[in-house]
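Colleague: You'll find final_33.txt just under this line, and it carries compact mmCIF, C-alpha atoms and all ligand atoms.
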# COMPACT_ATOMS: atom_id res chain seq x y z
CA MET B 1 -69.34 21.98 250.03
CA ILE B 2 -71.43 18.97 250.97
CA ILE B 3 -75.22 18.84 250.62
CA ASN B 4 -76.72 16.15 252.84
CA ARG B 5 -80.41 16.43 251.97
CA PRO B 6 -82.35 16.91 248.72
CA PRO B 7 -82.39 20.72 248.28
CA MET B 8 -85.73 22.48 248.81
CA GLY B 9 -86.82 25.86 247.48
CA TRP B 10 -88.66 27.75 244.75
CA ASN B 11 -87.78 28.39 241.10
CA SER B 12 -89.27 31.04 238.79
CA TRP B 13 -89.45 29.04 235.54
CA ASN B 14 -92.57 26.87 235.81
CA THR B 15 -94.96 29.74 236.44
CA PHE B 16 -93.21 32.91 235.32
CA GLY B 17 -90.78 32.04 232.50
CA ASN B 18 -89.55 35.33 231.03
CA ASP B 19 -91.97 37.39 233.12
CA ILE B 20 -89.66 38.00 236.10
CA ASN B 21 -88.51 41.11 237.92
CA GLU B 22 -87.21 42.39 241.23
CA LYS B 23 -90.65 43.17 242.66
CA LEU B 24 -91.91 39.64 241.95
CA ILE B 25 -88.84 38.03 243.51
CA PHE B 26 -89.14 40.18 246.64
CA GLU B 27 -92.82 39.26 246.97
CA ILE B 28 -91.95 35.59 246.55
CA ALA B 29 -89.31 35.89 249.29
CA ASP B 30 -91.89 37.54 251.56
CA ALA B 31 -94.43 34.79 250.80
CA MET B 32 -91.87 32.09 251.48
CA VAL B 33 -91.65 33.39 255.04
CA SER B 34 -95.28 34.43 255.72
CA SER B 35 -96.78 31.19 254.32
CA GLY B 36 -94.61 29.03 256.58
CA LEU B 37 -92.79 27.41 253.66
CA ARG B 38 -89.40 28.58 254.92
CA ASP B 39 -90.06 26.98 258.29
CA CYS B 40 -90.89 23.71 256.52
CA GLY B 41 -87.37 23.71 255.03
CA TYR B 42 -87.81 25.46 251.65
CA GLU B 43 -84.77 27.72 251.58
CA TYR B 44 -83.58 28.53 248.04
CA ILE B 45 -85.20 31.20 245.85
CA VAL B 46 -83.91 30.54 242.34
CA ILE B 47 -84.24 32.96 239.44
CA ASP B 48 -84.18 30.82 236.31
CA ASP B 49 -83.46 31.91 232.73
CA CYS B 50 -84.23 35.40 231.31
CA TRP B 51 -82.70 37.55 234.08
CA GLN B 52 -79.77 38.62 231.86
CA LYS B 53 -79.10 41.46 229.48
CA LYS B 54 -78.98 40.19 225.87
CA THR B 55 -75.26 41.00 225.62
CA ARG B 56 -72.26 40.90 227.92
CA ASN B 57 -70.71 44.22 228.99
CA GLU B 58 -67.46 45.68 227.67
CA GLN B 59 -65.42 43.62 230.12
CA GLY B 60 -67.15 40.49 228.86
CA LEU B 61 -69.15 40.04 232.06
CA LEU B 62 -72.77 39.03 232.52
CA GLU B 63 -75.16 41.77 233.55
CA ALA B 64 -78.73 41.73 234.78
CA ASP B 65 -81.48 43.20 232.59
CA PRO B 66 -81.78 46.73 234.05
CA GLU B 67 -85.51 46.88 233.42
CA LYS B 68 -86.22 43.66 235.27
CA PHE B 69 -83.59 44.10 238.00
CA PRO B 70 -82.86 47.85 238.21
CA HIS B 71 -80.68 47.57 241.33
CA GLY B 72 -78.64 44.57 240.09
CA MET B 73 -78.39 41.09 241.53
CA LYS B 74 -76.37 41.79 244.68
CA TYR B 75 -79.30 43.90 245.85
CA VAL B 76 -81.65 40.96 245.25
CA ALA B 77 -79.25 38.64 247.09
CA ASP B 78 -79.17 40.98 250.08
CA TYR B 79 -82.97 41.08 250.28
CA ILE B 80 -83.31 37.30 250.04
CA HIS B 81 -80.59 36.78 252.65
CA SER B 82 -82.28 39.29 254.99
CA LYS B 83 -85.29 36.94 255.02
CA GLY B 84 -83.17 34.01 256.18
CA LEU B 85 -83.31 32.46 252.69
CA LYS B 86 -80.70 31.51 250.10
CA PHE B 87 -80.39 32.89 246.58
CA GLY B 88 -80.05 30.88 243.36
CA MET B 89 -79.41 31.91 239.78
CA TYR B 90 -79.20 30.29 236.36
CA SER B 91 -76.73 29.99 233.50
CA CYS B 92 -75.96 27.55 230.70
CA CYS B 93 -72.91 25.60 229.49
CA GLY B 94 -73.53 26.66 225.87
CA ALA B 95 -72.94 29.96 224.09
CA TYR B 96 -76.58 30.87 224.83
CA THR B 97 -79.10 29.84 227.44
CA CYS B 98 -82.17 27.89 226.41
CA ALA B 99 -84.10 31.17 226.10
CA GLU B 100 -81.20 32.63 224.03
CA PHE B 101 -79.55 34.94 226.54
CA PRO B 102 -75.72 34.85 226.87
CA GLY B 103 -74.46 31.50 228.19
CA SER B 104 -71.28 30.76 230.12
CA TYR B 105 -69.39 28.85 227.40
CA GLY B 106 -65.81 30.17 227.40
CA HIS B 107 -66.60 32.42 230.37
CA GLU B 108 -66.97 29.80 233.10
CA TYR B 109 -64.37 31.20 235.51
CA ALA B 110 -65.38 34.84 234.98
CA ASP B 111 -69.04 33.99 235.51
CA ALA B 112 -68.35 31.94 238.64
CA ALA B 113 -66.46 34.98 239.99
CA THR B 114 -69.40 37.26 239.12
CA PHE B 115 -71.86 34.93 240.85
CA ALA B 116 -69.63 34.79 243.94
CA GLU B 117 -69.42 38.60 243.96
CA TRP B 118 -73.21 38.80 243.86
CA GLU B 119 -73.27 36.35 246.80
CA ILE B 120 -75.44 33.71 245.25
CA ASP B 121 -75.80 30.29 246.93
CA PHE B 122 -77.04 28.09 244.08
CA LEU B 123 -76.41 27.86 240.33
CA LYS B 124 -78.64 25.95 237.94
CA TYR B 125 -76.58 25.14 234.85
CA ASP B 126 -78.42 24.28 231.66
CA TYR B 127 -77.48 22.41 228.45
CA CYS B 128 -78.57 24.38 225.36
CA PHE B 129 -76.39 25.73 222.47
CA ARG B 130 -73.45 23.67 223.71
CA ASP B 131 -70.33 22.81 221.72
CA ASN B 132 -71.00 19.32 220.38
CA ASN B 133 -67.28 18.67 219.98
CA ILE B 134 -66.90 18.74 223.75
CA PRO B 135 -68.17 15.84 225.89
CA SER B 136 -71.01 16.77 228.25
CA GLU B 137 -68.93 16.00 231.30
CA ILE B 138 -66.25 18.53 230.32
CA HIS B 139 -68.87 21.29 230.10
CA TYR B 140 -69.98 20.45 233.64
CA ARG B 141 -66.47 19.89 235.01
CA LYS B 142 -65.44 23.38 233.86
CA MET B 143 -68.19 25.14 235.79
CA GLY B 144 -67.89 22.63 238.66
CA LEU B 145 -64.21 23.41 239.10
CA ALA B 146 -64.78 27.15 238.64
CA LEU B 147 -67.46 27.17 241.37
CA ALA B 148 -65.42 25.02 243.72
CA ASN B 149 -62.64 27.63 243.46
CA CYS B 150 -64.71 30.81 243.46
CA GLY B 151 -64.33 31.44 247.17
CA ARG B 152 -68.00 30.97 248.05
CA ASP B 153 -70.18 27.92 248.78
CA ILE B 154 -72.45 27.64 245.76
CA LEU B 155 -74.69 24.61 245.24
CA PHE B 156 -74.14 23.34 241.69
CA SER B 157 -77.37 22.17 240.05
CA ALA B 158 -76.64 20.47 236.71
CA CYS B 159 -79.48 20.45 234.20
CA ASN B 160 -78.64 18.37 231.13
CA PHE B 161 -81.83 16.32 231.10
CA GLY B 162 -79.99 13.07 231.95
CA VAL B 163 -78.55 12.68 228.44
CA ASN B 164 -75.34 10.76 227.70
CA HIS B 165 -75.85 8.64 230.82
CA THR B 166 -75.34 11.56 233.16
CA GLU B 167 -75.57 9.19 236.13
CA ASN B 168 -72.24 7.61 235.12
CA TRP B 169 -70.17 10.81 235.24
CA ILE B 170 -72.05 13.51 237.11
CA LYS B 171 -70.30 12.77 240.39
CA THR B 172 -66.97 13.63 238.72
CA THR B 173 -68.14 17.24 238.20
CA GLY B 174 -68.83 18.35 241.76
CA ALA B 175 -72.57 18.76 241.03
CA HIS B 176 -74.89 18.53 244.04
CA MET B 177 -77.97 17.65 242.01
CA TRP B 178 -78.55 16.62 238.40
CA ARG B 179 -81.66 16.66 236.24
CA SER B 180 -82.47 13.15 235.05
CA THR B 181 -85.40 14.03 232.80
CA ALA B 182 -86.75 16.29 230.09
CA ASP B 183 -88.77 19.34 231.19
CA ILE B 184 -91.84 18.86 233.37
CA PHE B 185 -95.31 20.14 232.42
CA ASP B 186 -98.50 20.52 234.44
CA CYS B 187 -100.20 17.46 232.93
CA TRP B 188 -100.50 13.79 233.77
CA GLY B 189 -98.43 12.39 230.88
CA SER B 190 -95.42 14.40 232.01
CA ILE B 191 -95.59 13.18 235.62
CA ARG B 192 -96.05 9.61 234.50
CA ASN B 193 -93.04 9.74 232.14
CA ILE B 194 -90.78 11.25 234.77
CA VAL B 195 -91.79 8.79 237.51
CA GLU B 196 -91.45 5.73 235.29
CA HIS B 197 -88.08 6.93 234.01
CA GLN B 198 -86.80 6.71 237.60
CA PHE B 199 -87.24 2.92 237.70
CA GLU B 200 -83.92 2.46 235.89
CA LEU B 201 -82.13 5.06 238.03
CA LEU B 202 -82.76 3.71 241.53
CA THR B 203 -79.11 2.93 242.20
CA THR B 204 -77.92 6.36 241.06
CA ASN B 205 -79.32 8.72 243.70
CA TYR B 206 -76.73 9.61 246.32
CA ARG B 207 -76.57 11.85 249.34
CA GLY B 208 -74.51 14.81 248.13
CA CYS B 209 -75.48 14.44 244.46
CA PHE B 210 -79.24 14.10 244.17
CA ASN B 211 -81.26 12.94 241.18
CA ASP B 212 -83.44 15.93 240.26
CA MET B 213 -86.81 14.95 238.80
CA ASP B 214 -87.41 18.66 237.90
CA MET B 215 -89.26 21.48 239.60
CA LEU B 216 -92.67 20.74 241.10
CA VAL B 217 -95.89 21.68 239.32
CA VAL B 218 -97.99 21.25 242.48
CA GLY B 219 -100.34 24.24 242.85
CA MET B 220 -99.93 25.60 239.32
CA ASP B 221 -103.58 24.71 238.76
CA GLY B 222 -103.34 25.16 235.02
CA ASN B 223 -101.65 28.59 235.09
CA GLY B 224 -98.19 29.66 234.02
CA ASN B 225 -95.32 28.91 231.72
CA VAL B 226 -95.42 25.09 231.81
CA ALA B 227 -99.19 24.76 232.12
CA ARG B 228 -100.99 22.49 229.65
CA ASP B 229 -104.62 22.22 228.60
CA LYS B 230 -105.49 19.60 231.14
CA ARG B 231 -103.94 20.45 234.51
CA LEU B 232 -103.30 17.88 237.23
CA SER B 233 -106.02 17.11 239.78
CA PHE B 234 -105.50 17.32 243.55
CA GLU B 235 -104.95 13.54 243.76
CA GLU B 236 -102.45 13.71 240.90
CA TYR B 237 -100.56 16.54 242.62
CA LYS B 238 -100.42 14.39 245.80
CA LEU B 239 -99.04 11.49 243.80
CA HIS B 240 -96.49 13.81 242.14
CA PHE B 241 -95.29 15.17 245.49
CA SER B 242 -95.22 11.72 247.13
CA ALA B 243 -93.11 10.27 244.32
CA TRP B 244 -90.62 13.17 244.39
CA ALA B 245 -90.30 12.80 248.19
CA LEU B 246 -90.02 9.02 248.24
CA PHE B 247 -87.47 8.92 245.39
CA GLY B 248 -85.34 11.56 247.13
CA SER B 249 -85.58 14.26 244.46
CA PRO B 250 -84.91 17.93 245.27
CA LEU B 251 -88.18 19.74 245.97
CA MET B 252 -88.21 23.05 244.10
CA ILE B 253 -91.67 24.61 244.12
CA GLY B 254 -92.82 25.99 240.76
CA CYS B 255 -96.19 27.61 241.55
CA ASP B 256 -97.01 31.19 242.53
CA ILE B 257 -96.60 30.90 246.30
CA ARG B 258 -98.14 34.34 246.81
CA ASN B 259 -101.55 32.82 246.07
CA MET B 260 -101.63 29.23 247.25
CA SER B 261 -104.90 27.37 247.79
CA GLU B 262 -105.42 25.42 251.00
CA GLU B 263 -105.01 22.22 248.98
CA THR B 264 -101.65 23.35 247.65
CA LYS B 265 -100.47 24.26 251.14
CA ALA B 266 -101.62 20.90 252.48
CA ILE B 267 -99.42 19.16 249.93
CA LEU B 268 -96.30 21.32 250.01
CA MET B 269 -96.31 21.57 253.80
CA ASN B 270 -97.09 17.97 254.73
CA LYS B 271 -94.37 17.58 257.34
CA GLU B 272 -94.52 13.80 257.45
CA VAL B 273 -93.98 13.50 253.71
CA LEU B 274 -91.23 16.11 253.92
CA ALA B 275 -89.55 14.06 256.65
CA VAL B 276 -89.33 11.15 254.21
CA SER B 277 -87.86 13.43 251.53
CA GLN B 278 -85.27 14.85 253.91
CA ASP B 279 -84.32 11.57 255.58
CA LEU B 280 -80.59 11.70 256.20
CA ALA B 281 -79.90 8.04 255.48
CA CYS B 282 -80.68 8.55 251.77
CA ASN B 283 -81.04 4.79 251.37
CA GLN B 284 -81.79 3.25 247.99
CA VAL B 285 -85.43 2.93 246.92
CA ALA B 286 -86.71 -0.63 246.39
CA LEU B 287 -89.35 -1.19 243.73
CA HIS B 288 -92.13 -3.67 243.05
CA LYS B 289 -93.67 -3.32 239.66
CA HIS B 290 -96.86 -5.19 239.00
CA PRO B 291 -96.87 -6.22 235.36
CA PRO B 292 -98.87 -6.05 233.20
CA TYR B 293 -100.74 -3.40 235.15
CA ASP B 294 -99.74 0.19 235.81
CA GLN B 295 -99.17 -0.06 239.53
CA PHE B 296 -96.07 -0.09 241.62
CA LEU B 297 -95.00 -0.11 245.19
CA ALA B 298 -91.76 1.58 246.26
CA TRP B 299 -90.16 1.67 249.69
CA ARG B 300 -87.12 3.02 251.45
CA LEU B 301 -85.54 2.25 254.83
CA LEU B 302 -85.33 5.45 256.89
CA ASP B 303 -82.82 6.60 259.45
CA GLY B 304 -83.98 5.25 262.82
CA GLY B 305 -85.52 2.06 261.43
CA ASP B 306 -88.93 3.06 260.05
CA ILE B 307 -89.77 2.32 256.43
CA ALA B 308 -91.44 4.71 253.97
CA VAL B 309 -93.77 2.95 251.55
CA GLY B 310 -95.65 4.36 248.58
CA VAL B 311 -98.29 2.53 246.57
CA PHE B 312 -99.04 4.10 243.20
CA ASN B 313 -101.70 3.54 240.60
CA MET B 314 -100.44 5.15 237.39
CA GLY B 315 -103.11 3.51 235.27
CA ASP B 316 -106.61 4.44 234.13
CA GLU B 317 -108.35 1.44 235.68
CA PRO B 318 -111.02 2.71 238.05
CA SER B 319 -110.08 0.64 241.05
CA ILE B 320 -107.13 -1.53 241.85
CA ASN B 321 -106.64 -3.87 244.76
CA PHE B 322 -103.08 -4.06 245.97
CA SER B 323 -103.73 -6.78 248.47
CA GLY B 324 -101.06 -9.44 248.79
CA TRP B 325 -98.42 -7.57 246.88
CA MET B 326 -95.58 -7.78 249.21
CA LEU B 327 -94.59 -9.58 252.36
CA PRO B 328 -93.03 -7.73 255.32
CA GLN B 329 -90.20 -10.27 255.09
CA GLU B 330 -89.05 -8.32 252.05
CA PHE B 331 -88.22 -5.39 254.32
CA GLY B 332 -86.11 -7.80 256.38
CA TRP B 333 -88.79 -8.18 259.07
CA THR B 334 -89.12 -11.58 260.78
CA PRO B 335 -91.47 -12.88 263.51
CA GLU B 336 -88.48 -13.37 265.79
CA SER B 337 -88.20 -9.57 266.01
CA ASN B 338 -91.19 -9.85 268.36
CA THR B 339 -92.73 -6.79 266.78
CA ARG B 340 -95.86 -5.85 264.93
CA LEU B 341 -95.80 -3.49 261.99
CA LEU B 342 -97.72 -0.26 262.44
CA LEU B 343 -98.72 1.51 259.23
CA ARG B 344 -99.36 5.23 259.36
CA ASP B 345 -100.94 6.88 256.34
CA LEU B 346 -99.00 10.10 255.70
CA TRP B 347 -101.86 11.81 253.87
CA ASP B 348 -104.83 11.09 256.12
CA GLY B 349 -103.10 10.24 259.41
CA SER B 350 -104.91 6.91 259.86
CA GLU B 351 -103.06 4.03 261.50
CA LYS B 352 -103.44 0.29 261.46
CA TYR B 353 -101.46 -2.77 262.46
CA LEU B 354 -100.52 -5.42 259.99
CA ASP B 355 -101.65 -8.61 261.64
CA ASN B 356 -101.07 -10.95 258.79
CA ASP B 357 -98.43 -11.36 256.16
CA ILE B 358 -99.97 -9.01 253.69
CA ILE B 359 -98.36 -5.60 253.47
CA MET B 360 -101.49 -3.77 252.61
CA GLU B 361 -104.89 -3.97 251.18
CA CYS B 362 -105.95 -0.76 249.59
CA GLU B 363 -107.96 0.26 246.63
CA LEU B 364 -106.65 3.16 244.65
CA PRO B 365 -108.52 5.23 242.09
CA PRO B 366 -106.65 5.91 238.83
CA HIS B 367 -103.69 8.32 239.10
CA SER B 368 -103.53 8.24 242.88
CA CYS B 369 -101.28 6.94 245.59
CA ARG B 370 -101.04 6.24 249.28
CA MET B 371 -97.97 6.85 251.32
CA PHE B 372 -97.18 5.16 254.61
CA ARG B 373 -94.61 5.16 257.34
CA VAL B 374 -94.15 1.66 258.76
CA SER B 375 -92.78 1.22 262.30
CA LEU B 376 -91.75 -1.90 264.19
CA VAL B 377 -93.66 -1.79 267.47
CA LYS B 378 -92.77 -4.15 270.35
CA LYS B 379 -95.45 -6.77 271.03
C1 LIG T 1 -84.51 24.32 230.03
C2 LIG T 1 -84.62 23.77 231.46
C3 LIG T 1 -85.80 24.42 232.16
C4 LIG T 1 -85.62 25.93 232.17
C5 LIG T 1 -85.44 26.44 230.74
C6 LIG T 1 -85.07 27.90 230.71
O1 LIG T 1 -85.59 23.92 229.25
O2 LIG T 1 -84.78 22.38 231.46
O3 LIG T 1 -85.90 23.93 233.48
O4 LIG T 1 -84.48 26.26 232.94
O5 LIG T 1 -84.42 25.72 230.05
O6 LIG T 1 -84.89 28.39 229.41
Step by step, read the file and then write its structure as C-alpha cells.
Ligand code: GLA
Modeller:
Amino acid sequence: MIINRPPMGWNSWNTFGNDINEKLIFEIADAMVSSGLRDCGYEYIVIDDCWQKKTRNEQGLLEADPEKFPHGMKYVADYIHSKGLKFGMYSCCGAYTCAEFPGSYGHEYADAATFAEWEIDFLKYDYCFRDNNIPSEIHYRKMGLALANCGRDILFSACNFGVNHTENWIKTTGAHMWRSTADIFDCWGSIRNIVEHQFELLTTNYRGCFNDMDMLVVGMDGNGNVARDKRLSFEEYKLHFSAWALFGSPLMIGCDIRNMSEETKAILMNKEVLAVSQDLACNQVALHKHPPYDQFLAWRLLDGGDIAVGVFNMGDEPSINFSGWMLPQEFGWTPESNTRLLLRDLWDGSEKYLDNDIIMECELPPHSCRMFRVSLVKK
C-alpha cells in the first residue's frame, strides 16, 4: 500500500479522550460530510485510545467496550464507509496502551487479523508500556509486517514521539506516517516546540512515509482533552495550520467538528493552503532562520513550478520587518527566465509582483505568519 499525500482526517483524542462512543463517532462522520470537510479531502475518522474492553476475551482477542460501542467495531466501520469515509483505530506496541487498556505486545498478528476483519483502513500505533529489551524498530516492524500481510490495505501510523532517532529506521517498518514529537496541546508553547523541532528533520519527510507533527488543535478554542489554560488565538491557529501544511505533515483534525466556528472552518477548509499540503511532489522544505530573532522563512517547490513560501514570527516582538530576507535567486530564479514573480497571499487572497530583488516586505505581529504561492509569470 502506497500513500502519496499526507493523510487527512479526524481523530478523537484531542477533544474527547476517554469520552467516546458510537453515537459521537456517527455524529462526527455525519458532520464530516455536511460541513464540507470530506469534500476538502479529510477522509479518515480515527478512534484513538479508550475504545477497548479492559481485558482480552477468552480467545485472547481485543474487544470493544460494549457500553461505548454496543454493536461492535465492524458496525462502526460500515457506517463510516457508507458516508464515503475511511475508518481508523488505535493500538499500542506495549502490553498496555497509554491509557492502560490492553496493548498489542505479543498479539501483533492476531490483532492485525482482528482489525482486518473489522475492515479498518488506518491503525495508529502507540509507544507506552513497551518491552525495553526490544529495540523500538522491532516493535514497529512486527506490527508493520503483520498489517502488510493481513489481507487488507491498512495505513500504518507509527506514534513513538520520534524517540531513538525514528527518522533513521521508520522506513524499514512499512509505516506510512510517524510522529516526530511529544503530544500536542492547545497552547502556544506546544506549537512553538513542535515547529522548531522540525528544523532538524527537513530531510526526513518522504512521500509514502510522512513526518507527523501530531493532530491539529485548530478550533479546540480551549475545550477538550488537550486544552490548556491559555488557548491559541485565531492568528496562532492560522500559523499552526500553515506550518503543518507547508512542512507536509498529515492533517488530522482534533476539534469537535459538529460545532465549528466560521473562523475554524476558514482555516481547516482553506483550499489553497490544503493544495500546498497535498502537493504531490513532496519536495524538501528549505529554511531560512533569522538569528538571533525568532523568525523564519520556509519554502517548498511545488509540482508544476510554483513555490510555497511561509514567513513566521514565533517571537513576542510586536512587529517584525522581514524585508530583504531572501533573494529570488535562492529559489533558482534568474532574470534570463524572462519572468516576474507573482506573490499570492493564501490567507487574504491579495496579489503583488516582486519588482525588485527582495522577496517580501511584510510586518508580522507576534505569533503570526503569512503564506504565499509564488508563480513565474511571463513578462
Ligand atoms: C499518547 C499519544 C496520543 C494519544 C494518547 C492516548 O500520548 O501520543 O496522541 O494517542 O497516547 O492514550
Colleague: Once 6 Å is added on each side, what centre and edge lengths in Å to one decimal does the axis-aligned box around all listed atoms of segment 159-169 of chain B have, as AutoDock Vina command-line options?
Modeller:
--center_x -76.0 --center_y 14.0 --center_z 231.9 --size_x 23.7 --size_y 24.8 --size_z 20.4
Colleague: Considering all atoms listed in the file, give me a table of residues in chain B that are at most 10 Å from ligand LIG 1 (chain T), with the closest atom pair and distance in Å for each, as CSV.
Modeller:
residue,atom,partner,partner_atom,distance
B:Asn11,CA,T:LIG1,O3,9.0
B:Ser12,CA,T:LIG1,O4,8.9
B:Trp13,CA,T:LIG1,C4,6.0
B:Asn14,CA,T:LIG1,O3,7.7
B:Gly17,CA,T:LIG1,C6,7.3
B:Asn18,CA,T:LIG1,O6,8.5
B:Ile47,CA,T:LIG1,O4,9.3
B:Asp48,CA,T:LIG1,O4,5.7
B:Asp49,CA,T:LIG1,C6,4.8
B:Cys50,CA,T:LIG1,O6,7.3
B:Tyr90,CA,T:LIG1,O4,7.5
B:Ser91,CA,T:LIG1,O4,8.6
B:Cys92,CA,T:LIG1,O5,8.7
B:Tyr96,CA,T:LIG1,O6,9.8
B:Thr97,CA,T:LIG1,O6,6.3
B:Cys98,CA,T:LIG1,O6,4.1
B:Ala99,CA,T:LIG1,O6,4.4
B:Glu100,CA,T:LIG1,O6,7.8
B:Phe101,CA,T:LIG1,O6,8.9
B:Lys124,CA,T:LIG1,O4,7.7
B:Tyr125,CA,T:LIG1,O4,8.2
B:Asp126,CA,T:LIG1,C2,6.2
B:Tyr127,CA,T:LIG1,C1,7.5
B:Cys128,CA,T:LIG1,C1,7.6
B:Ala158,CA,T:LIG1,O2,9.9
B:Cys159,CA,T:LIG1,O2,6.3
B:Asn160,CA,T:LIG1,O2,7.3
B:Phe161,CA,T:LIG1,O2,6.7
B:Arg179,CA,T:LIG1,O2,8.1
B:Thr181,CA,T:LIG1,O2,8.5
B:Ala182,CA,T:LIG1,O2,6.5
B:Asp183,CA,T:LIG1,O2,5.0
B:Ile184,CA,T:LIG1,O3,7.8
B:Asp214,CA,T:LIG1,O3,7.0
B:Met215,CA,T:LIG1,O3,7.4
B:Val226,CA,T:LIG1,C3,9.6
Colleague: Nearest to Lys352 of chain B: which of B:Glu119, B:Val377, B:Gly332, B:Tyr44 is it, counting only C-alpha atoms?
Modeller: B:Val377
Colleague: Find, counting all atoms listed in the file, the residue in B:Phe16, B:Trp178, B:Trp10, B:Tyr293 that gets nearest to Gly224 of chain B.
Modeller: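 For Gly224 of chain B, the nearest of the given residues is B:Phe16.
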Colleague: For Asn270 of chain B, which of B:Gln295, B:Pro328, B:Asp39, B:Asp229 is the closest residue, counting all atoms listed in the file?
Modeller: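 Checking each candidate against Asn270 of chain B, we get B:Asp39 as the closest.
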Colleague: Which residues are close to Ala298 of chain B, i.e. within 10 Å by only C-alpha atoms, leaving aside same-chain residues fewer than 4 positions away? Reply as a tab-separated table (two decimals) with C-alpha atoms, in the frame of the given file.
Modeller:
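Result written to around_6.tsv:
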chain	number	residue	atom	x	y	z
B	199	PHE	CA	-87.24	2.92	237.70
B	243	ALA	CA	-93.11	10.27	244.32
B	246	LEU	CA	-90.02	9.02	248.24
B	247	PHE	CA	-87.47	8.92	245.39
B	285	VAL	CA	-85.43	2.93	246.92
B	286	ALA	CA	-86.71	-0.63	246.39
B	287	LEU	CA	-89.35	-1.19	243.73
B	288	HIS	CA	-92.13	-3.67	243.05
B	289	LYS	CA	-93.67	-3.32	239.66
B	308	ALA	CA	-91.44	4.71	253.97
B	309	VAL	CA	-93.77	2.95	251.55
B	310	GLY	CA	-95.65	4.36	248.58
B	311	VAL	CA	-98.29	2.53	246.57
B	312	PHE	CA	-99.04	4.10	243.20
B	371	MET	CA	-97.97	6.85	251.32
Colleague: Pick the closest to Met213 of chain B from B:Met177, B:Leu341, B:Ala227, B:Leu232: which is it, counting all atoms listed in the file?
Modeller: B:Met177
Colleague: From the set B:Asn205, B:Asn168, B:Thr264, B:Ser136, which residue has the shortest atom-to-atom contact distance to Glu235 of chain B, counting only C-alpha atoms?
Modeller: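 Counting only C-alpha atoms, the residue closest to Glu235 of chain B is B:Thr264.
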Colleague: Enter the distance from atom CA of Ala112 of chain B to atom CA of Met252 of chain B, in Å, rounded to one decimal.
Modeller: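 Going from atom CA of Ala112 of chain B over to atom CA of Met252 of chain B, I get 22.4 Å.
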Colleague: How far is it from atom CA of Leu268 of chain B to atom CA of Trp347 of chain B, in Å with one decimal?
Modeller: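 One can read the atom CA of Leu268 of chain B to atom CA of Trp347 of chain B distance as 11.7 Å.
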Colleague: With distances taken over all atoms listed in the file, which residue among B:Val374, B:Ile194, B:Leu343, B:Ile253 lies nearest Gly9 of chain B?
Modeller: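 Among the listed residues, the smallest separation from Gly9 of chain B belongs to B:Ile253.
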Colleague: For Ser277 of chain B, find every residue with an atom within 10 Å (counting all atoms listed in the file), except residues of its own chain fewer than 4 positions away, and show them as a CSV table (one decimal) with C-alpha atoms, in the coordinates of the input.
Modeller:
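This went into selection-v2.csv:
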chain,number,residue,atom,x,y,z
B,5,ARG,CA,-80.4,16.4,252.0
B,6,PRO,CA,-82.4,16.9,248.7
B,7,PRO,CA,-82.4,20.7,248.3
B,8,MET,CA,-85.7,22.5,248.8
B,241,PHE,CA,-95.3,15.2,245.5
B,242,SER,CA,-95.2,11.7,247.1
B,243,ALA,CA,-93.1,10.3,244.3
B,244,TRP,CA,-90.6,13.2,244.4
B,245,ALA,CA,-90.3,12.8,248.2
B,246,LEU,CA,-90.0,9.0,248.2
B,247,PHE,CA,-87.5,8.9,245.4
B,248,GLY,CA,-85.3,11.6,247.1
B,249,SER,CA,-85.6,14.3,244.5
B,250,PRO,CA,-84.9,17.9,245.3
B,251,LEU,CA,-88.2,19.7,246.0
B,271,LYS,CA,-94.4,17.6,257.3
B,272,GLU,CA,-94.5,13.8,257.4
B,273,VAL,CA,-94.0,13.5,253.7
B,282,CYS,CA,-80.7,8.6,251.8
B,302,LEU,CA,-85.3,5.4,256.9
B,308,ALA,CA,-91.4,4.7,254.0
Colleague: Record the distance separating atom CA of Lys265 of chain B and atom CA of Gly222 of chain B, expressed in Å with one decimal.
Modeller: 16.4 Å
Colleague: Residues of segment 124-234 of chain B within 10 Å of segment 363-368 of chain B: nearest atom pair and distance (Å, one decimal) for each, counting all atoms listed in the file, sorted by chain and number, as CSV?
Modeller:
residue,atom,partner,partner_atom,distance
B:Trp188,CA,B:His367,CA,8.3
B:Arg192,CA,B:His367,CA,9.0
B:Leu232,CA,B:His367,CA,9.7
B:Ser233,CA,B:His367,CA,9.1
B:Phe234,CA,B:Ser368,CA,9.3
Colleague: Identify the residues within 12 Å of coordinate (-99.8, 38.3, 244.5) (same frame as the file), considering only C-alpha atoms, and give the answer as a PyMOL selection string.
Modeller: chain B and resi 23-31+255-260
Colleague: For the point (-70.3, 17.0, 237.1) in file coordinates, what residues are within 8 Å, counting only C-alpha atoms? Give the answer as a ChimeraX atom specification?
Modeller: /B:137,140-141,144,158,169-175
Colleague: Write the residues you've just listed into a file as a PDB file, keeping the file's coordinate frame, and include C-alpha atoms for each of them.
Modeller:
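Writing done, so here's part18.pdb:
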ATOM      1  CA  GLU B 137     -68.930  16.000 231.300  1.00  0.00           C
ATOM      2  CA  TYR B 140     -69.980  20.450 233.640  1.00  0.00           C
ATOM      3  CA  ARG B 141     -66.470  19.890 235.010  1.00  0.00           C
ATOM      4  CA  GLY B 144     -67.890  22.630 238.660  1.00  0.00           C
ATOM      5  CA  ALA B 158     -76.640  20.470 236.710  1.00  0.00           C
ATOM      6  CA  TRP B 169     -70.170  10.810 235.240  1.00  0.00           C
ATOM      7  CA  ILE B 170     -72.050  13.510 237.110  1.00  0.00           C
ATOM      8  CA  LYS B 171     -70.300  12.770 240.390  1.00  0.00           C
ATOM      9  CA  THR B 172     -66.970  13.630 238.720  1.00  0.00           C
ATOM     10  CA  THR B 173     -68.140  17.240 238.200  1.00  0.00           C
ATOM     11  CA  GLY B 174     -68.830  18.350 241.760  1.00  0.00           C
ATOM     12  CA  ALA B 175     -72.570  18.760 241.030  1.00  0.00           C
TER      13      ALA B 175
END
Colleague: List as a ChimeraX atom specification the protein and nucleic acid residues near Ser375 of chain B, meaning an atom at most 9 Å away when all atoms listed in the file are counted, but skip any in the same chain fewer than 5 places from it.
Modeller: /B:305-307,340-344
